[in-house]
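As provided, target-v2.json (JSON, C-alpha atoms) reads as follows.
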```
[["chain", "number", "residue", "atom", "x", "y", "z"],
["A", 1, "MET", "CA", -162.59, 0.58, -28.92],
["A", 2, "ALA", "CA", -165.26, -1.50, -30.65],
["A", 3, "VAL", "CA", -164.33, -5.16, -30.83],
["A", 4, "GLY", "CA", -166.18, -5.52, -34.10],
["A", 5, "ASP", "CA", -163.99, -2.96, -35.87],
["A", 6, "GLY", "CA", -161.31, -5.44, -36.98],
["A", 7, "ALA", "CA", -161.36, -6.75, -40.53],
["A", 8, "ALA", "CA", -161.90, -10.48, -40.88],
["A", 9, "ARG", "CA", -158.85, -12.49, -41.93],
["A", 10, "SER", "CA", -158.85, -15.66, -43.96],
["A", 11, "ASP", "CA", -155.97, -17.39, -42.12],
["A", 12, "VAL", "CA", -158.18, -18.75, -39.31],
["A", 13, "LYS", "CA", -158.87, -22.37, -40.19],
["A", 14, "ARG", "CA", -161.09, -23.15, -37.21],
["A", 15, "PRO", "CA", -163.37, -20.96, -35.17],
["A", 16, "VAL", "CA", -161.75, -21.09, -31.69],
["A", 17, "ALA", "CA", -159.13, -18.52, -30.62],
["A", 18, "VAL", "CA", -157.29, -18.18, -27.31],
["A", 19, "VAL", "CA", -156.33, -14.77, -25.86],
["A", 20, "ILE", "CA", -153.51, -14.59, -23.30],
["A", 21, "PRO", "CA", -152.84, -11.25, -21.57],
["A", 22, "ALA", "CA", -149.18, -11.40, -20.58],
["A", 23, "TYR", "CA", -147.62, -9.56, -17.67],
["A", 24, "ARG", "CA", -144.80, -10.97, -15.53],
["A", 25, "CYS", "CA", -145.42, -14.52, -16.69],
["A", 26, "SER", "CA", -142.25, -15.18, -18.69],
["A", 27, "ASP", "CA", -141.40, -18.12, -16.41],
["A", 28, "ARG", "CA", -144.57, -20.05, -17.31],
["A", 29, "ILE", "CA", -146.05, -18.82, -20.59],
["A", 30, "LEU", "CA", -143.93, -21.07, -22.82],
["A", 31, "ASP", "CA", -145.31, -24.14, -21.05],
["A", 32, "VAL", "CA", -148.85, -22.77, -21.36],
["A", 33, "LEU", "CA", -148.43, -22.20, -25.10],
["A", 34, "ALA", "CA", -146.94, -25.66, -25.62],
["A", 35, "ARG", "CA", -150.03, -27.26, -24.04],
["A", 36, "ILE", "CA", -152.62, -25.54, -26.25],
["A", 37, "GLU", "CA", -154.26, -28.18, -28.42],
["A", 38, "GLU", "CA", -153.92, -28.25, -32.20],
["A", 39, "SER", "CA", -157.68, -27.73, -32.60],
["A", 40, "ILE", "CA", -157.21, -24.09, -31.56],
["A", 41, "SER", "CA", -156.72, -22.01, -34.68],
["A", 42, "LEU", "CA", -155.36, -18.76, -33.25],
["A", 43, "VAL", "CA", -153.48, -17.76, -30.11],
["A", 44, "VAL", "CA", -153.15, -14.05, -29.33],
["A", 45, "VAL", "CA", -150.53, -13.11, -26.74],
["A", 46, "VAL", "CA", -150.92, -9.51, -25.56],
["A", 47, "ASP", "CA", -147.78, -8.21, -23.86],
["A", 48, "ASP", "CA", -149.18, -5.55, -21.54],
["A", 49, "ARG", "CA", -145.99, -3.52, -21.39],
["A", 50, "CYS", "CA", -144.42, -6.36, -19.44],
["A", 51, "PRO", "CA", -141.07, -5.44, -17.80],
["A", 52, "GLU", "CA", -139.89, -8.99, -18.52],
["A", 53, "ARG", "CA", -140.48, -8.48, -22.28],
["A", 54, "THR", "CA", -142.63, -11.58, -22.39],
["A", 55, "GLY", "CA", -143.99, -10.82, -25.84],
["A", 56, "GLU", "CA", -140.55, -10.48, -27.38],
["A", 57, "MET", "CA", -139.51, -13.75, -25.75],
["A", 58, "VAL", "CA", -142.53, -15.52, -27.25],
["A", 59, "ARG", "CA", -141.74, -14.12, -30.70],
["A", 60, "ARG", "CA", -138.16, -15.33, -30.39],
["A", 61, "LEU", "CA", -138.72, -18.79, -28.94],
["A", 62, "VAL", "CA", -142.15, -20.00, -30.09],
["A", 63, "ASP", "CA", -142.29, -21.58, -33.54],
["A", 64, "ASP", "CA", -146.06, -21.82, -33.99],
["A", 65, "SER", "CA", -147.83, -20.12, -36.88],
["A", 66, "ARG", "CA", -151.02, -19.84, -34.79],
["A", 67, "VAL", "CA", -149.38, -17.50, -32.28],
["A", 68, "ARG", "CA", -149.60, -13.74, -32.77],
["A", 69, "VAL", "CA", -147.95, -11.34, -30.35],
["A", 70, "ILE", "CA", -149.23, -7.82, -29.67],
["A", 71, "LEU", "CA", -146.99, -5.39, -27.79],
["A", 72, "ASN", "CA", -148.97, -2.71, -25.95],
["A", 73, "ASP", "CA", -147.38, 0.74, -25.92],
["A", 74, "ARG", "CA", -148.54, 1.20, -22.34],
["A", 75, "ASN", "CA", -149.87, -0.95, -19.54],
["A", 76, "LEU", "CA", -153.66, -1.25, -19.90],
["A", 77, "GLY", "CA", -154.38, -3.66, -17.07],
["A", 78, "VAL", "CA", -155.62, -7.22, -17.42],
["A", 79, "GLY", "CA", -159.01, -6.06, -18.70],
["A", 80, "GLY", "CA", -157.57, -3.65, -21.23],
["A", 81, "ALA", "CA", -155.06, -6.22, -22.50],
["A", 82, "SER", "CA", -157.82, -8.83, -22.77],
["A", 83, "ALA", "CA", -159.98, -6.40, -24.78],
["A", 84, "VAL", "CA", -157.09, -5.85, -27.21],
["A", 85, "GLY", "CA", -156.74, -9.60, -27.64],
["A", 86, "PHE", "CA", -160.49, -10.10, -28.10],
["A", 87, "ALA", "CA", -160.51, -7.41, -30.79],
["A", 88, "GLU", "CA", -157.71, -9.19, -32.63],
["A", 89, "ALA", "CA", -159.40, -12.59, -32.40],
["A", 90, "TYR", "CA", -162.77, -11.15, -33.41],
["A", 91, "GLY", "CA", -161.22, -9.40, -36.40],
["A", 92, "ALA", "CA", -159.58, -12.69, -37.37],
["A", 93, "GLY", "CA", -163.02, -14.30, -37.65],
["A", 94, "ALA", "CA", -163.00, -16.49, -34.54],
["A", 95, "GLU", "CA", -166.45, -17.76, -33.57],
["A", 96, "ILE", "CA", -165.46, -18.58, -30.00],
["A", 97, "ILE", "CA", -162.84, -16.65, -28.02],
["A", 98, "VAL", "CA", -161.20, -17.99, -24.86],
["A", 99, "LYS", "CA", -159.38, -15.92, -22.26],
["A", 100, "LEU", "CA", -156.56, -17.88, -20.66],
["A", 101, "ASP", "CA", -153.97, -16.55, -18.21],
["A", 102, "GLY", "CA", -150.32, -16.97, -19.10],
["A", 103, "ASP", "CA", -149.07, -17.78, -15.60],
["A", 104, "GLY", "CA", -150.18, -21.41, -15.54],
["A", 105, "GLN", "CA", -153.17, -20.98, -13.22],
["A", 106, "HIS", "CA", -155.48, -22.46, -15.86],
["A", 107, "PHE", "CA", -155.17, -25.76, -17.68],
["A", 108, "PRO", "CA", -155.01, -25.24, -21.48],
["A", 109, "GLU", "CA", -156.18, -28.85, -21.81],
["A", 110, "GLN", "CA", -159.58, -27.75, -20.45],
["A", 111, "VAL", "CA", -160.28, -25.37, -23.33],
["A", 112, "PRO", "CA", -162.28, -27.94, -25.39],
["A", 113, "GLY", "CA", -164.58, -28.62, -22.45],
["A", 114, "LEU", "CA", -164.96, -24.91, -21.79],
["A", 115, "VAL", "CA", -166.06, -24.11, -25.35],
["A", 116, "ARG", "CA", -168.35, -27.11, -25.81],
["A", 117, "PRO", "CA", -171.55, -25.42, -24.46],
["A", 118, "LEU", "CA", -170.85, -22.48, -26.80],
["A", 119, "ALA", "CA", -170.36, -24.74, -29.81],
["A", 120, "LEU", "CA", -173.65, -26.49, -29.00],
["A", 121, "GLY", "CA", -175.49, -23.17, -28.71],
["A", 122, "GLU", "CA", -176.27, -23.73, -25.03],
["A", 123, "ALA", "CA", -174.61, -20.56, -23.72],
["A", 124, "ASP", "CA", -173.20, -17.19, -24.75],
["A", 125, "MET", "CA", -170.41, -17.30, -22.16],
["A", 126, "VAL", "CA", -168.84, -20.14, -20.18],
["A", 127, "LYS", "CA", -166.78, -19.52, -17.05],
["A", 128, "GLY", "CA", -164.44, -21.74, -15.14],
["A", 129, "ASN", "CA", -165.57, -22.37, -11.58],
["A", 130, "ARG", "CA", -162.89, -23.07, -8.97],
["A", 131, "LEU", "CA", -165.41, -23.20, -6.12],
["A", 132, "PHE", "CA", -167.33, -26.29, -7.24],
["A", 133, "ASP", "CA", -165.74, -28.52, -4.57],
["A", 134, "LEU", "CA", -165.00, -26.98, -1.16],
["A", 135, "ALA", "CA", -162.72, -29.84, -0.13],
["A", 136, "VAL", "CA", -160.55, -29.33, -3.22],
["A", 137, "CYS", "CA", -160.48, -25.58, -2.60],
["A", 138, "LEU", "CA", -159.33, -26.04, 1.00],
["A", 139, "ARG", "CA", -156.47, -28.25, -0.18],
["A", 140, "ARG", "CA", -155.33, -26.16, -3.14],
["A", 141, "MET", "CA", -156.22, -22.49, -2.50],
["A", 142, "PRO", "CA", -154.62, -20.11, 0.03],
["A", 143, "ILE", "CA", -157.23, -19.51, 2.73],
["A", 144, "GLY", "CA", -157.19, -15.73, 2.22],
["A", 145, "ARG", "CA", -157.81, -16.11, -1.50],
["A", 146, "LEU", "CA", -160.55, -18.68, -0.90],
["A", 147, "LEU", "CA", -162.38, -16.41, 1.55],
["A", 148, "ALA", "CA", -162.04, -13.46, -0.83],
["A", 149, "ASN", "CA", -163.39, -15.47, -3.79],
["A", 150, "VAL", "CA", -166.32, -16.87, -1.80],
["A", 151, "THR", "CA", -167.21, -13.37, -0.54],
["A", 152, "LEU", "CA", -166.99, -11.89, -4.02],
["A", 153, "SER", "CA", -169.11, -14.73, -5.38],
["A", 154, "LEU", "CA", -171.88, -13.99, -2.87],
["A", 155, "VAL", "CA", -171.73, -10.23, -3.42],
["A", 156, "SER", "CA", -171.77, -10.50, -7.20],
["A", 157, "LYS", "CA", -175.03, -12.46, -7.38],
["A", 158, "PRO", "CA", -177.43, -9.54, -6.77],
["A", 159, "VAL", "CA", -175.05, -7.17, -8.60],
["A", 160, "THR", "CA", -174.97, -9.16, -11.84],
["A", 161, "GLY", "CA", -178.30, -10.95, -11.61],
["A", 162, "TYR", "CA", -176.61, -14.32, -12.16],
["A", 163, "TRP", "CA", -177.71, -16.07, -9.00],
["A", 164, "ASP", "CA", -176.41, -19.46, -10.13],
["A", 165, "VAL", "CA", -172.96, -18.27, -11.21],
["A", 166, "ALA", "CA", -170.05, -18.74, -8.79],
["A", 167, "ASP", "CA", -166.42, -17.60, -8.85],
["A", 168, "PRO", "CA", -166.97, -14.39, -10.86],
["A", 169, "ALA", "CA", -163.29, -13.39, -10.65],
["A", 170, "CYS", "CA", -162.06, -16.52, -12.42],
["A", 171, "GLY", "CA", -160.03, -15.42, -15.45],
["A", 172, "PHE", "CA", -160.66, -18.59, -17.46],
["A", 173, "PHE", "CA", -163.70, -18.07, -19.67],
["A", 174, "ALA", "CA", -164.97, -18.19, -23.25],
["A", 175, "MET", "CA", -167.52, -16.18, -25.21],
["A", 176, "HIS", "CA", -169.26, -16.51, -28.56],
["A", 177, "ARG", "CA", -168.50, -13.75, -31.06],
["A", 178, "LYS", "CA", -172.20, -12.76, -31.18],
["A", 179, "ILE", "CA", -172.10, -11.62, -27.55],
["A", 180, "VAL", "CA", -168.55, -10.24, -27.88],
["A", 181, "ASP", "CA", -169.83, -7.88, -30.55],
["A", 182, "ARG", "CA", -172.65, -6.58, -28.35],
["A", 183, "LEU", "CA", -170.58, -5.75, -25.27],
["A", 184, "PRO", "CA", -169.76, -2.09, -24.50],
["A", 185, "TRP", "CA", -166.01, -2.68, -24.25],
["A", 186, "PRO", "CA", -165.02, 0.92, -23.41],
["A", 187, "GLU", "CA", -167.28, 0.72, -20.34],
["A", 188, "ILE", "CA", -165.81, -2.51, -18.94],
["A", 189, "ASP", "CA", -163.24, -2.22, -16.16],
["A", 190, "ASN", "CA", -159.61, -2.56, -17.24],
["A", 191, "GLY", "CA", -158.21, -3.74, -13.90],
["A", 192, "TYR", "CA", -158.74, -6.68, -11.57],
["A", 193, "PHE", "CA", -162.49, -5.99, -11.53],
["A", 194, "PHE", "CA", -162.59, -6.90, -15.24],
["A", 195, "GLU", "CA", -164.09, -10.40, -14.98],
["A", 196, "THR", "CA", -166.72, -9.36, -12.43],
["A", 197, "ASP", "CA", -167.65, -6.22, -14.37],
["A", 198, "LEU", "CA", -167.90, -8.29, -17.53],
["A", 199, "LEU", "CA", -170.58, -10.42, -15.87],
["A", 200, "PHE", "CA", -172.54, -7.29, -14.98],
["A", 201, "TRP", "CA", -172.54, -6.07, -18.59],
["A", 202, "LEU", "CA", -173.43, -9.54, -19.86],
["A", 203, "GLY", "CA", -176.40, -9.42, -17.50],
["A", 204, "THR", "CA", -177.61, -6.18, -19.08],
["A", 205, "LEU", "CA", -177.68, -8.05, -22.40],
["A", 206, "GLY", "CA", -179.51, -11.06, -21.01],
["A", 207, "ALA", "CA", -176.61, -13.32, -21.97],
["A", 208, "ARG", "CA", -176.72, -16.99, -21.04],
["A", 209, "VAL", "CA", -173.81, -17.87, -18.75],
["A", 210, "ALA", "CA", -172.77, -21.43, -17.97],
["A", 211, "MET", "CA", -170.01, -22.83, -15.75],
["A", 212, "VAL", "CA", -167.56, -25.71, -15.94],
["A", 213, "PRO", "CA", -165.64, -26.98, -12.90],
["A", 214, "MET", "CA", -161.89, -26.41, -12.84],
["A", 215, "VAL", "CA", -159.18, -27.25, -10.34],
["A", 216, "PRO", "CA", -157.61, -24.17, -8.71],
["A", 217, "VAL", "CA", -153.86, -23.78, -9.26],
["A", 218, "TYR", "CA", -151.71, -21.46, -7.15],
["A", 219, "PHE", "CA", -147.97, -21.10, -6.98],
["A", 220, "ASN", "CA", -145.65, -19.72, -4.35],
["A", 221, "ALA", "CA", -145.62, -15.97, -3.95],
["A", 222, "GLY", "CA", -143.35, -14.35, -6.49],
["A", 223, "SER", "CA", -143.93, -16.89, -9.26],
["A", 224, "SER", "CA", -147.30, -15.83, -10.69],
["A", 225, "GLY", "CA", -148.03, -13.06, -13.15],
["A", 226, "ARG", "CA", -150.53, -10.48, -11.94],
["A", 227, "ARG", "CA", -150.70, -10.65, -8.14],
["A", 228, "VAL", "CA", -153.66, -9.17, -6.41],
["A", 229, "GLN", "CA", -153.09, -7.45, -3.08],
["A", 230, "LEU", "CA", -156.36, -8.66, -1.61],
["A", 231, "TRP", "CA", -156.90, -6.02, 1.04],
["A", 232, "ARG", "CA", -155.76, -3.19, -1.22],
["A", 233, "GLU", "CA", -158.31, -4.27, -3.83],
["A", 234, "ALA", "CA", -161.16, -4.80, -1.34],
["A", 235, "VAL", "CA", -162.31, -1.17, -1.24],
["A", 236, "PRO", "CA", -162.29, -0.62, -5.05],
["A", 237, "PHE", "CA", -164.13, -3.95, -5.52],
["A", 238, "ALA", "CA", -166.77, -2.94, -2.95],
["A", 239, "PHE", "CA", -167.25, 0.52, -4.49],
["A", 240, "LYS", "CA", -167.52, -0.81, -8.04],
["A", 241, "SER", "CA", -169.90, -3.57, -6.97],
["A", 242, "LEU", "CA", -172.15, -1.02, -5.24],
["A", 243, "ARG", "CA", -172.05, 1.18, -8.34],
["A", 244, "ASN", "CA", -173.12, -1.72, -10.54],
["A", 245, "LEU", "CA", -175.87, -2.71, -8.12],
["A", 246, "VAL", "CA", -177.28, 0.81, -8.32],
["A", 247, "ARG", "CA", -177.04, 0.65, -12.11],
["A", 248, "ARG", "CA", -178.88, -2.66, -12.19],
["A", 249, "VAL", "CA", -181.65, -1.49, -9.88],
["A", 250, "ALA", "CA", -182.04, 1.71, -11.93],
["A", 251, "ARG", "CA", -182.23, -0.26, -15.18],
["A", 252, "ARG", "CA", -184.87, -2.58, -13.77],
["A", 253, "SER", "CA", -186.87, 0.37, -12.45],
["A", 254, "LEU", "CA", -186.76, 2.17, -15.79],
["A", 255, "SER", "CA", -187.79, -0.99, -17.63],
["A", 256, "ASP", "CA", -190.93, -1.15, -15.48],
["A", 257, "ILE", "CA", -191.98, 2.35, -16.53],
["A", 258, "PRO", "CA", -194.80, 2.10, -19.11]]
```

As structure tokens, please, write out the structure in this file.
Amino acid sequence: MAVGDGAARSDVKRPVAVVIPAYRCSDRILDVLARIEESISLVVVVDDRCPERTGEMVRRLVDDSRVRVILNDRNLGVGGASAVGFAEAYGAGAEIIVKLDGDGQHFPEQVPGLVRPLALGEADMVKGNRLFDLAVCLRRMPIGRLLANVTLSLVSKPVTGYWDVADPACGFFAMHRKIVDRLPWPEIDNGYFFETDLLFWLGTLGARVAMVPMVPVYFNAGSSGRRVQLWREAVPFAFKSLRNLVRRVARRSLSDIP
């Protein structure tokens, strides 16, 4: 699917759109939607074949003309659902597109700060960074999740080429439509590796990536939307990271050939 395939729509009054992939987050998504600032012109909720029928609940209970709900026919994974939402926002004419989780782990109030470097032309993508303050992380993040995120952050640096970027798995980020249009969306991972794989492909385009600090938010087990089984995901993450490292080395080698 090419993100640029959608036809532009005239009902977007401002250039910023928010995409929310929704899966098992019916207990928190209404609060998330209520906290999205009026400056945001479009909110795309993508129900990824959620067994809780989150999308239908949003359609029934949310009276906000900015909110559009897409119901996927099958579960695509967080990456696939995000791509569907980005395509919708891009087709609607949004200049800046934000990915925000529906389970309350990101603060909607931080969206203006996240998009500011994009609006000023200082970056092509801006990511939230939960690892900016170790003391805060130790207080607010489960130790297993913290260790996993720190390890992934270190591993991703040579894989993506972004040596100054931390917390690659953070799902709170924003991109300018110019870079959204250039990404090879069918090649980007649809699962939990989505955010990390996205950085790799941005690196192949030479995209400018900036970070903004954000406070990590975690709830008790059983309350969040998509829950990662850390050890079960460790092997796929390692394999995919190695694959991308080989790709990056091969690309660099080929670029050196006269």

Self-check item: Residue nearest Leu118 of chain A - candidates A:Glu233, A:Asp164, A:Asp47, A:Glu95, atoms counted: all atoms listed in the file
Solution: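 Result for the nearest residue to Leu118 of chain A: A:Glu95.
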
Practice problem: With a distance cut-off of 9 Å and all atoms listed in the file, select the neighbouring residues of Asn149 of chain A, excluding the residue or stretch itself and same-chain residues fewer than 2 positions from it, and output the selection as a list in words. | Solution: Leu131, Gly144, Arg145, Leu146, Leu147, Thr151, Leu152, Ser153, Leu154, Ala166, Asp167, Pro168, Ala169 and Cys170 of chain A

Exercise. Counting all atoms listed in the file, figure out which residue out of A:Val215, A:Leu30, A:Ile70, A:Ile36 gets nearest to Val84 of chain A.
Key: A:Ile70

Self-check item: Atomic separation - atom CA of Val209 of chain A relative to atom CA of Val115 of chain A, Å
Solution: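 Taking atom CA of Val115 of chain A and atom CA of Val209 of chain A, their separation equals 11.9 Å.
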
Quiz prompt | Selected residue, from A:Pro117, A:Gly128, A:Pro216, A:Gly93, that lies nearest to Asp181 of chain A when counting only C-alpha atoms | solution =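 Using only C-alpha atoms, the shortest distance to Asp181 of chain A belongs to A:Gly93.
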
Exercise. Give me the residues within 6 Å of segment 191-207 of chain A as a PyMOL selection string, counting all atoms listed in the file and dropping any in the same chain fewer than 4 places off.
Key: chain A and resi 77-79+124+160+168-169

Kindly reconstruct segment 163-184 of chain A with N, CA, C and O atoms and present the result as a JSON list (two decimals), in the coordinates of the input.
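This is the output file part_26.json:
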```
[["chain", "number", "residue", "atom", "x", "y", "z"],
["A", 163, "TRP", "N", -177.64, -15.47, -10.33],
["A", 163, "TRP", "CA", -177.71, -16.07, -9.00],
["A", 163, "TRP", "C", -177.07, -17.45, -8.96],
["A", 163, "TRP", "O", -176.68, -17.93, -7.89],
["A", 164, "ASP", "N", -176.97, -18.11, -10.10],
["A", 164, "ASP", "CA", -176.41, -19.46, -10.13],
["A", 164, "ASP", "C", -174.94, -19.49, -10.52],
["A", 164, "ASP", "O", -174.34, -20.56, -10.60],
["A", 165, "VAL", "N", -174.35, -18.33, -10.77],
["A", 165, "VAL", "CA", -172.96, -18.27, -11.21],
["A", 165, "VAL", "C", -172.04, -18.03, -10.01],
["A", 165, "VAL", "O", -172.26, -17.09, -9.24],
["A", 166, "ALA", "N", -171.02, -18.87, -9.87],
["A", 166, "ALA", "CA", -170.05, -18.74, -8.79],
["A", 166, "ALA", "C", -168.69, -18.34, -9.36],
["A", 166, "ALA", "O", -168.46, -18.41, -10.57],
["A", 167, "ASP", "N", -167.79, -17.92, -8.49],
["A", 167, "ASP", "CA", -166.42, -17.60, -8.85],
["A", 167, "ASP", "C", -166.33, -16.56, -9.97],
["A", 167, "ASP", "O", -165.71, -16.81, -11.01],
["A", 168, "PRO", "N", -166.94, -15.40, -9.78],
["A", 168, "PRO", "CA", -166.97, -14.39, -10.86],
["A", 168, "PRO", "C", -165.60, -13.88, -11.26],
["A", 168, "PRO", "O", -165.40, -13.43, -12.39],
["A", 169, "ALA", "N", -164.61, -13.94, -10.35],
["A", 169, "ALA", "CA", -163.29, -13.39, -10.65],
["A", 169, "ALA", "C", -162.40, -14.35, -11.41],
["A", 169, "ALA", "O", -161.28, -13.98, -11.78],
["A", 170, "CYS", "N", -162.87, -15.56, -11.69],
["A", 170, "CYS", "CA", -162.06, -16.52, -12.42],
["A", 170, "CYS", "C", -161.74, -15.97, -13.81],
["A", 170, "CYS", "O", -162.63, -15.57, -14.56],
["A", 171, "GLY", "N", -160.45, -15.98, -14.18],
["A", 171, "GLY", "CA", -160.03, -15.42, -15.45],
["A", 171, "GLY", "C", -160.04, -16.39, -16.61],
["A", 171, "GLY", "O", -159.58, -16.06, -17.71],
["A", 172, "PHE", "N", -160.58, -17.58, -16.40],
["A", 172, "PHE", "CA", -160.66, -18.59, -17.46],
["A", 172, "PHE", "C", -162.10, -18.65, -17.96],
["A", 172, "PHE", "O", -162.98, -19.14, -17.27],
["A", 173, "PHE", "N", -162.34, -18.10, -19.14],
["A", 173, "PHE", "CA", -163.70, -18.07, -19.67],
["A", 173, "PHE", "C", -163.68, -18.01, -21.18],
["A", 173, "PHE", "O", -162.63, -17.77, -21.81],
["A", 174, "ALA", "N", -164.84, -18.24, -21.79],
["A", 174, "ALA", "CA", -164.97, -18.19, -23.25],
["A", 174, "ALA", "C", -166.29, -17.53, -23.60],
["A", 174, "ALA", "O", -167.28, -17.65, -22.88],
["A", 175, "MET", "N", -166.30, -16.84, -24.73],
["A", 175, "MET", "CA", -167.52, -16.18, -25.21],
["A", 175, "MET", "C", -167.69, -16.40, -26.70],
["A", 175, "MET", "O", -166.71, -16.50, -27.45],
["A", 176, "HIS", "N", -168.94, -16.43, -27.13],
["A", 176, "HIS", "CA", -169.26, -16.51, -28.56],
["A", 176, "HIS", "C", -169.14, -15.12, -29.17],
["A", 176, "HIS", "O", -169.43, -14.12, -28.51],
["A", 177, "ARG", "N", -168.72, -15.05, -30.42],
["A", 177, "ARG", "CA", -168.50, -13.75, -31.06],
["A", 177, "ARG", "C", -169.77, -12.89, -31.10],
["A", 177, "ARG", "O", -169.70, -11.67, -31.12],
["A", 178, "LYS", "N", -170.96, -13.53, -31.12],
["A", 178, "LYS", "CA", -172.20, -12.76, -31.18],
["A", 178, "LYS", "C", -172.37, -11.89, -29.93],
["A", 178, "LYS", "O", -172.87, -10.76, -30.03],
["A", 179, "ILE", "N", -171.97, -12.42, -28.77],
["A", 179, "ILE", "CA", -172.10, -11.62, -27.55],
["A", 179, "ILE", "C", -170.91, -10.69, -27.40],
["A", 179, "ILE", "O", -171.03, -9.58, -26.86],
["A", 180, "VAL", "N", -169.74, -11.10, -27.90],
["A", 180, "VAL", "CA", -168.55, -10.24, -27.88],
["A", 180, "VAL", "C", -168.85, -8.94, -28.62],
["A", 180, "VAL", "O", -168.47, -7.84, -28.18],
["A", 181, "ASP", "N", -169.54, -9.04, -29.72],
["A", 181, "ASP", "CA", -169.83, -7.88, -30.55],
["A", 181, "ASP", "C", -170.80, -6.91, -29.89],
["A", 181, "ASP", "O", -170.81, -5.71, -30.19],
["A", 182, "ARG", "N", -171.61, -7.41, -28.97],
["A", 182, "ARG", "CA", -172.65, -6.58, -28.35],
["A", 182, "ARG", "C", -172.17, -5.90, -27.06],
["A", 182, "ARG", "O", -172.84, -4.99, -26.56],
["A", 183, "LEU", "N", -171.05, -6.31, -26.53],
["A", 183, "LEU", "CA", -170.58, -5.75, -25.27],
["A", 183, "LEU", "C", -170.04, -4.33, -25.43],
["A", 183, "LEU", "O", -169.36, -4.04, -26.42],
["A", 184, "PRO", "N", -170.30, -3.45, -24.46],
["A", 184, "PRO", "CA", -169.76, -2.09, -24.50],
["A", 184, "PRO", "C", -168.33, -2.06, -23.95],
["A", 184, "PRO", "O", -168.08, -1.64, -22.81]]
```
